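To start, the structure itself, in structure tokens.
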Amino acid sequence: MIKKTAQFDHILLFVVVALMGVGLVMVYSASSITSLAQMSDSLYYFKRQLLWVIVGLAAMLLTSGIPYNKLEKIAVPLLGIAIVLLIIVLIPGVARDIGGAKRWIRFGSIGFQPSEFAKICFVLYMAHSISVRQKVIKNFLHGMLPDLFVTALVFVLIYKEPNLSTATLIGGTYFAMYFLGSGSLINLGALAGCGVVLVTSLIFQAGYRMKRFWAFIDPWENAKTSGYHIIQSLVAIGSGGIWGLGLGQSRQKFFILPERHTDFIFAITCEELGLIGGVAVLILFFILIWRGLYIASRAPNTFGFLTAAGITTVIGLQVIVNIGVVLSLMPTTGVTLPFISYGGSSTLFLAIGIGILLNISRYGSQDNLYENSRSIPFSSQFRDPKPAK
């Protein structure tokens, strides 16, 4: 029986609350002009985001009090529910069509994005599945293929929305969790090669994805169309300089930079708060990822280790992709910046993921770490050189 050995990780809690606070400020600043023009209320998006942050914090604190080992017992049905919701969102007439994508189920004025729920359910399922397959994890037929089938199913359902970026994040999360679960490096190499070929082929199957890819290569070739997002994002960042134009003083938010309070909110952050503000946000994310890996390394069993590592991977990959797009290091794609961008589903379910991390942290200790070292795969790289006496 797993017993609590410590308080929850206060550093992680502080960092997440700080990111949510920064997010609220930047959502208001980036969306105020849009809100006033579209809704006759400069606080419209801010108030909705504030509501989701409050709900997210409540859900995070609630989840942090649920013993994480109980989640393993419901990991399979949770993923089943997520898959059903992903199927429902594809039924004509059910999902709300926004920009040609059907990703949201509406309940009155509230939108729900099943793919965000699926991320957390997927991590819980894979943590359970990989942990129970440890004896055969290096075997492709028995250790990898069953989970690969589930990953492919979730990937295809999310891709059909269409949402290739989130689908690719699902694939990347499985890759990381299988690796951390002591999976075969040969299998991982083959999976990586097939994944690159698959994603590349999917990019070139859709005209708008091809335009984004060529815009990434040379945004100035089509500066007023496919390259517009990237160019205006870089203009916003460059305009901020080191110290920024000042909070609320963005010029790009005046209907120049698209998706200014969602996918490209980091560009507005850099424009108003400068290099200093942008680096400060990145440091907060670095601390979050560090604490997530630290919590994983101290987890008392394999399920806890993989769950903590999986949730941290989801957040880390989103940060990398979003920042990469904003800085023109990756082709433009629709991935929000965790806890900063406007978005209720993302804020809520990532907060729930943090709640699970906080709960796992309450069971971690040096004694647990070394007593269970043989049952926690690949965690030795995160450990201290000597156990505490």
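Here, A, B, ... name the chains of the structure tokens in the order displayed, residue numbers run from 1 inside each chain, and ligands are numbered from 1 in the same displayed order.
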
Show which residues sit within 9 Å of Pro219 (chain A), as an MDAnalysis selection string. Count only C-alpha atoms, and ignore same-chain residues fewer than 3 positions away. chainID A and resid 212 214:216 222:223 226:231

For the residues in the current selection, export N, CA and C atoms as a compact mmCIF listing (two decimals), in the first residue's frame.
```txt
# COMPACT_ATOMS: atom_id res chain seq x y z
N ARG A 212 1.57 26.64 -45.48
CA ARG A 212 2.23 26.98 -44.22
C ARG A 212 3.67 26.53 -44.21
N TRP A 214 5.71 26.10 -46.86
CA TRP A 214 6.52 26.96 -47.74
C TRP A 214 6.65 28.36 -47.16
N ALA A 215 5.62 28.80 -46.42
CA ALA A 215 5.71 30.10 -45.74
C ALA A 215 6.78 30.06 -44.65
N PHE A 216 6.93 28.92 -44.02
CA PHE A 216 7.98 28.76 -43.01
C PHE A 216 9.36 28.85 -43.68
N ASN A 222 5.13 35.05 -49.81
CA ASN A 222 3.70 35.33 -49.78
C ASN A 222 3.39 36.12 -48.50
N ALA A 223 3.94 37.31 -48.44
CA ALA A 223 3.90 38.11 -47.21
C ALA A 223 2.49 38.51 -46.79
N SER A 226 -0.03 33.42 -46.83
CA SER A 226 0.41 32.34 -45.95
C SER A 226 1.57 32.74 -45.04
N GLY A 227 2.35 33.75 -45.44
CA GLY A 227 3.48 34.18 -44.60
C GLY A 227 3.14 35.29 -43.63
N TYR A 228 1.89 35.74 -43.65
CA TYR A 228 1.49 36.91 -42.87
C TYR A 228 1.63 36.67 -41.36
N HIS A 229 1.15 35.52 -40.88
CA HIS A 229 1.24 35.22 -39.44
C HIS A 229 2.67 35.33 -38.93
N ILE A 230 3.57 34.65 -39.63
CA ILE A 230 4.96 34.58 -39.18
C ILE A 230 5.60 35.96 -39.19
N ILE A 231 5.39 36.71 -40.28
CA ILE A 231 6.01 38.02 -40.40
C ILE A 231 5.53 38.96 -39.29
```

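Minimum atom-to-atom distances from A:Leu188, A:Val335, A:Leu90, A:Val22 to Ile105 (chain A) were compared using only C-alpha atoms, and the lowest value belongs to A:Leu90.
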
Of the candidates A:Ile289, A:Leu329, A:Ile340, A:Val132, which one gets nearest to Met26 (chain A) if we count only C-alpha atoms? A:Ile340

Residue with smallest distance to Asn69 (chain A) - pool A:Ile315, A:Tyr174, A:Gly343, A:Leu306, counting only C-alpha atoms: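 Under the stated criterion, the closest residue is A:Leu306.
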
Can you list, as a list in words, every protein, DNA or RNA residue that comes within 12 Å of Lys47 (chain A) when you count only C-alpha atoms, leaving out same-chain residues fewer than 6 positions away? Leu24, Val25, Val27, Tyr28, Ser31, Ser32, Ser35, Asp41, Val53, Ile54, Tyr342, Gly343 and Gly344 of chain A

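The smallest atom-to-atom distance between Val89 (chain A) and any of A:Ile237, A:Ile33, A:Ala59, A:Leu157, using only C-alpha atoms, is found for A:Leu157.
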
Which neighbours of Ala192 (chain A) fall inside 9 Å, counting only C-alpha atoms, when residues of the same chain fewer than 5 positions from it are skipped, and could you give them as a PyMOL selection string? chain A and resi 175+187+197

Might you pull out every residue within 10 Å of region 11-21 of chain A, with only C-alpha atoms counted and same-chain residues fewer than 5 positions away left off, and present them as a VMD selection string? chain A and resid 26 to 27 49 to 50 53 to 54 56 to 57 60 to 61 281 283 to 292 295 338 to 341 347 351 354 to 355 357 to 358 361

For the residues selected in the previous step, produce a file with N, CA, C and O atoms as a compact mmCIF listing (two decimals), in the first residue's frame.
```txt
# COMPACT_ATOMS: atom_id res chain seq x y z
N MET A 26 -2.19 38.95 -19.92
CA MET A 26 -1.89 39.04 -21.34
C MET A 26 -3.13 38.79 -22.20
O MET A 26 -3.26 39.37 -23.28
N VAL A 27 -4.04 37.93 -21.75
CA VAL A 27 -5.29 37.73 -22.49
C VAL A 27 -6.08 39.03 -22.52
O VAL A 27 -6.62 39.42 -23.56
N GLN A 49 -11.96 33.86 -19.60
CA GLN A 49 -10.74 33.17 -19.21
C GLN A 49 -10.60 33.14 -17.69
O GLN A 49 -10.15 32.13 -17.12
N LEU A 50 -10.98 34.21 -17.01
CA LEU A 50 -10.94 34.25 -15.55
C LEU A 50 -11.82 33.16 -14.96
O LEU A 50 -11.43 32.48 -14.00
N VAL A 53 -10.05 29.88 -15.38
CA VAL A 53 -8.92 29.77 -14.45
C VAL A 53 -9.42 29.39 -13.06
O VAL A 53 -8.83 28.53 -12.40
N ILE A 54 -10.52 30.00 -12.62
CA ILE A 54 -11.09 29.67 -11.31
C ILE A 54 -11.55 28.22 -11.28
O ILE A 54 -11.27 27.48 -10.33
N GLY A 56 -10.47 25.86 -13.26
CA GLY A 56 -9.26 25.05 -13.37
C GLY A 56 -8.54 24.90 -12.05
O GLY A 56 -8.08 23.80 -11.69
N LEU A 57 -8.42 26.00 -11.28
CA LEU A 57 -7.77 25.92 -9.97
C LEU A 57 -8.54 25.03 -9.02
O LEU A 57 -7.95 24.24 -8.26
N MET A 60 -7.94 21.52 -10.09
CA MET A 60 -6.57 21.14 -9.76
C MET A 60 -6.45 20.77 -8.28
O MET A 60 -5.86 19.74 -7.93
N LEU A 61 -7.02 21.58 -7.41
CA LEU A 61 -6.97 21.29 -5.98
C LEU A 61 -7.76 20.04 -5.64
O LEU A 61 -7.36 19.24 -4.78
N VAL A 281 8.85 34.34 -18.78
CA VAL A 281 7.82 33.32 -19.03
C VAL A 281 8.48 31.97 -19.32
O VAL A 281 8.04 30.93 -18.81
N ILE A 283 11.36 30.93 -18.32
CA ILE A 283 11.94 30.41 -17.07
C ILE A 283 10.86 29.73 -16.23
O ILE A 283 11.10 28.66 -15.65
N LEU A 284 9.68 30.32 -16.18
CA LEU A 284 8.57 29.69 -15.44
C LEU A 284 8.24 28.32 -16.03
O LEU A 284 8.02 27.35 -15.28
N PHE A 285 8.21 28.22 -17.35
CA PHE A 285 7.94 26.92 -17.97
C PHE A 285 9.08 25.94 -17.71
O PHE A 285 8.85 24.74 -17.51
N PHE A 286 10.31 26.44 -17.72
CA PHE A 286 11.45 25.57 -17.43
C PHE A 286 11.34 24.99 -16.02
O PHE A 286 11.57 23.79 -15.80
N ILE A 287 10.96 25.83 -15.06
CA ILE A 287 10.79 25.36 -13.68
C ILE A 287 9.67 24.33 -13.59
O ILE A 287 9.78 23.32 -12.90
N LEU A 288 8.57 24.59 -14.31
CA LEU A 288 7.45 23.65 -14.31
C LEU A 288 7.89 22.28 -14.81
O LEU A 288 7.58 21.25 -14.20
N ILE A 289 8.61 22.26 -15.93
CA ILE A 289 9.07 20.99 -16.50
C ILE A 289 10.06 20.31 -15.57
O ILE A 289 10.03 19.09 -15.37
N TRP A 290 10.95 21.09 -14.98
CA TRP A 290 11.92 20.54 -14.01
C TRP A 290 11.21 19.89 -12.84
O TRP A 290 11.54 18.77 -12.44
N ARG A 291 10.21 20.58 -12.27
CA ARG A 291 9.49 20.00 -11.13
C ARG A 291 8.70 18.76 -11.54
O ARG A 291 8.59 17.80 -10.77
N GLY A 292 8.17 18.77 -12.77
CA GLY A 292 7.46 17.59 -13.24
C GLY A 292 8.36 16.37 -13.32
O GLY A 292 7.99 15.27 -12.88
N ILE A 295 9.31 15.26 -9.75
CA ILE A 295 8.21 14.50 -9.14
C ILE A 295 8.18 13.08 -9.71
O ILE A 295 7.98 12.11 -8.97
N PRO A 338 0.45 26.72 -22.95
CA PRO A 338 -0.24 26.28 -21.72
C PRO A 338 -0.36 27.38 -20.67
O PRO A 338 0.62 28.07 -20.36
N PHE A 339 -1.57 27.55 -20.14
CA PHE A 339 -1.90 28.47 -19.05
C PHE A 339 -1.76 29.95 -19.43
O PHE A 339 -2.09 30.81 -18.62
N ILE A 340 -1.28 30.25 -20.62
CA ILE A 340 -1.12 31.64 -21.05
C ILE A 340 -2.17 32.01 -22.09
O ILE A 340 -2.85 33.03 -21.98
N SER A 341 -2.33 31.16 -23.11
CA SER A 341 -3.27 31.44 -24.19
C SER A 341 -4.72 31.37 -23.71
O SER A 341 -5.04 30.64 -22.75
N THR A 347 -7.01 25.14 -20.50
CA THR A 347 -6.74 25.56 -19.13
C THR A 347 -7.26 24.55 -18.13
O THR A 347 -6.55 24.17 -17.18
N ALA A 351 -4.84 21.95 -16.01
CA ALA A 351 -4.88 22.16 -14.57
C ALA A 351 -5.16 20.85 -13.85
O ALA A 351 -4.58 20.57 -12.79
N ILE A 354 -1.98 18.99 -13.75
CA ILE A 354 -1.11 19.51 -12.69
C ILE A 354 -1.59 18.99 -11.33
O ILE A 354 -0.77 18.67 -10.45
N GLY A 355 -2.91 18.90 -11.15
CA GLY A 355 -3.44 18.35 -9.90
C GLY A 355 -2.97 16.92 -9.67
O GLY A 355 -2.61 16.55 -8.54
N LEU A 357 -0.20 15.67 -10.88
CA LEU A 357 1.22 15.79 -10.54
C LEU A 357 1.41 16.15 -9.08
O LEU A 357 2.29 15.59 -8.39
N LEU A 358 0.61 17.09 -8.59
CA LEU A 358 0.71 17.49 -7.18
C LEU A 358 0.41 16.31 -6.26
O LEU A 358 1.06 16.15 -5.22
N SER A 361 3.32 14.00 -6.13
CA SER A 361 4.41 14.58 -5.35
C SER A 361 4.23 14.33 -3.85
O SER A 361 5.20 14.33 -3.09
```

Of the residues A:Phe112, A:Phe155, A:Phe349, A:Tyr178, which is the one nearest to Ser131 (chain A), using only C-alpha atoms?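 Nearest to Ser131 (chain A): A:Tyr178.
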
CA of Arg362 (chain A) to CA of Gly304 (chain A), straight-line distance in Å: 11.2 Å

Would you pick out the contacts of Leu148 (chain A) at 10 Å or less, using only C-alpha atoms, so that residues sharing its chain but fewer than 3 positions from it are not included, and give the list as JSON, numbers by chain? {"A": [126, 140, 143, 144, 145, 151, 152, 153, 154, 171, 174, 175, 178, 191]}

Between A:Asn322, A:Asn163, A:Gln38, A:Gln249, which has the minimum distance to Trp104 (chain A) (counting only C-alpha atoms)? A:Asn163

What separation in Å, quoted to one decimal, exists between CA of Val199 (chain A) and CA of Ile352 (chain A)?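 Distance reported for this atom pair: 29.1 Å.
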
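For the pair CA of Ile323 (chain A) and CA of Ser29 (chain A), the separation is 19.0 Å.
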